[in-house]
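Novice: Let me begin by handing over the structure; questions about it come next.
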Amino acid sequence: MVQPRRAQWIPVGVIVLAVVIDLATPRDVTSAPLLLAAPVAAAPLLPLPGIIAVGALSMAVHAVLAWIDGTFGWKQGVANQLTLLAVTVLAVLIHRTLEGQSARTRRARQVAAVAQAAVLPRPPSRLGDLKIAARYIPAEDEAMIGGDLYVVQETPHGVRVMVGDVRGKGLGAVSAVCADLGAFRFAADEAEDLPRLVAALEGALLREGGRRGGQEQDEGFTTALIAEFTAGLDAVRIVNRGHPPPLLLDARGTATVLEPSQEAPPLGMADLGTWSAPVDTFPFPPGSTLLCYTDGVTEARDEAGVFYDAAVRLPRLLRHRSLVGDPPAPAQILQLLIEDVGRHTGGRVQDDQALLALHRPAPDAVRFPRRPRV
C-alpha cells in the first residue's frame, strides 16, 4: 500500500503530540492512551518495518516520560509497556490483513481489465481518413466493466458506429453488452442500410431477453446511437434509439447538438409496441468531429444539481486549447471533456461514461486560428 508521504508522518505526529500533552500536564496525567494510537495509525500508512519502529518508539517515549514523571513502576509503567507491545503486534496483524485485501483488489482489477479488453476492445485509431479515439470511465474503480459500450467497424457500406448504454448493472448488463456487440459486428457487414441494421440489433436483444427469461424487457433494454459515414466522409447518417444526441464540433470548435427528427424508444422493447426510427443525415465537413457519449456525461451534476452541458462548456475549452497550440486531436478532446466533467461534479464519477470521438481531418487553411505571438 503506497501512501502519500505527508500521511506517513501521522504516527510520528501522534507521538509528538503525546509528548507535548504529557509535559504540559500534571504528573498524574499520562499520555499513554494517546501513544497507543501511534502504532494503530501506522498500520495502513507504513510498511512492516515502519510499524515496528513506531511501536518501539512509542514504548521508548512512554518509558522516558514515565521516568520524568516518576510514575514508572510495576503497576502502571510495565502494564502500559505490555499494552503498547500488544497494540504494536495488533497493528502488524492489521497491516498484513490490509495488504492481503489490497493484493486481492489488484488481482481483481487486472482480471477486470483483461475482461474489459475482451468484451469492449478499443477501436482502431484510424480507419481510412477517419481518426478515432475512445475512452471508458467506470463509476467504480473496482468495477471496470459496466453496461456502456462503443464499437467502430469498417464495413462494405462504410464506417459504422454504435454507442450504447444497457440499463441494469452486474453480469446481466455485461451479457447484454456482449449481445449488442456481437449482433452489431455481424449485422454491420450484412445489413444494406441502417434500418436493417437496427432491426437486426432489435432481434438479437429480444432473443437474448428470451434466453434470460424475459429479463431484457424488464431491465436490460439498450439506448443506442447507430451512425454510418458516407464513403467520402461528407455526411453522417444517424439512428437514435433513446440515446443522448451526439455533438458535431466544426473546424472552429462550434458545437451543434444532432437531435433526432423523431424520438424513438431504446432497443429491446419491440414486444411493447412498434416504433419507427428515422435515419437523419447531417453534413460532416472537413475538420469536424462527431462526439458521442453515454448519459454518464449528460446526467453528471454539480452540488446544486445542475446537469453538465457539453454543448456549452466544451467549445470554450476547445477555443482556449486552440489559442495555445495545435488543434486538439480526438484523444485530447475526450481528455478535455473527462476533466471538465470531473470539475463540474467535484471529482465524483456518478455513472459509467463511454466516450467516442470521430474526426475528419481538415486542410491547414481551415484549422483553428492561432493567437498571434507578441
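Chains: A, B, ... in order of the C-alpha cells. Residues: from 1 per chain. Ligands: from 1, in order shown.
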From segment 276-373 of chain A, collect each residue whose DSSP state is alpha helix (DSSP H) and return the set as a PyMOL selection string.

Specialist: chain A and resi 295-298+310-323+330-345

Novice: List as a list in words the protein and nucleic acid residues near Pro286 of chain A, meaning an atom at most 9 Å away when only C-alpha atoms are counted, but skip any in the same chain fewer than 6 places from it.

Specialist: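 In the requested form, the answer reads Leu233, Asp234, Asp250, Ala251, His359, Arg360, Pro361, Ala362, Pro363 and Val366 of chain A.
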
Novice: Keeping only C-alpha atoms, take the residues you just selected and write them out as a compact mmCIF listing (two decimals), in the first residue's frame.

Specialist:
# COMPACT_ATOMS: atom_id res chain seq x y z
CA LEU A 233 -16.99 11.25 -45.17
CA ASP A 234 -19.10 14.18 -46.43
CA ASP A 250 -16.80 22.00 -36.57
CA ALA A 251 -13.29 23.12 -37.51
CA HIS A 359 -12.62 13.22 -36.56
CA ARG A 360 -12.33 14.11 -40.23
CA PRO A 361 -9.01 15.95 -40.69
CA ALA A 362 -9.15 19.40 -42.20
CA PRO A 363 -6.74 21.17 -44.51
CA VAL A 366 -9.42 25.85 -42.05

Novice: Could you list, as a list in words, every residue within 10 Å of segment 304-312 of chain A, counting only C-alpha atoms and ignoring same-chain residues fewer than 3 positions away?

Specialist: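 Near segment 304-312 of chain A, the qualifying residues are Pro246, Leu247, Leu248, Leu249, Thr254, Ala255, Thr256, Val257, Leu291, Gly296, Val297, Thr298, Glu299, Ala300, Arg301, Pro315, Arg316, Leu317, Leu337, Asp340, Val341, His344 and Thr345 of chain A.
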
Novice: Which one is closest to Arg252 of chain A: A:Ala86, A:Val239, A:Leu318, A:Val40? Count only C-alpha atoms.

Specialist: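 The closest residue to Arg252 of chain A is A:Leu318.
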
Novice: Show which residues sit within 6 Å of Gly268 of chain A, as JSON, numbers by chain. Count only C-alpha atoms, and ignore same-chain residues fewer than 2 positions away.

Specialist: {"A": [202, 205, 206, 221, 270]}

Novice: Figure out the distance between atom CA of Glu192 of chain A and atom CA of Asp129 of chain A, please, to one decimal in Å.

Specialist: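 Separation between atom CA of Asp129 of chain A and atom CA of Glu192 of chain A: 22.2 Å.
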
Novice: Name the closest residue to Thr230 of chain A among the candidates A:Pro283, A:Pro121, A:Pro195, A:Gly346; distances are taken between atoms, counting only C-alpha atoms.

Specialist: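 Of A:Pro283, A:Pro121, A:Pro195, A:Gly346, the one nearest Thr230 of chain A, counting only C-alpha atoms, is A:Pro283.
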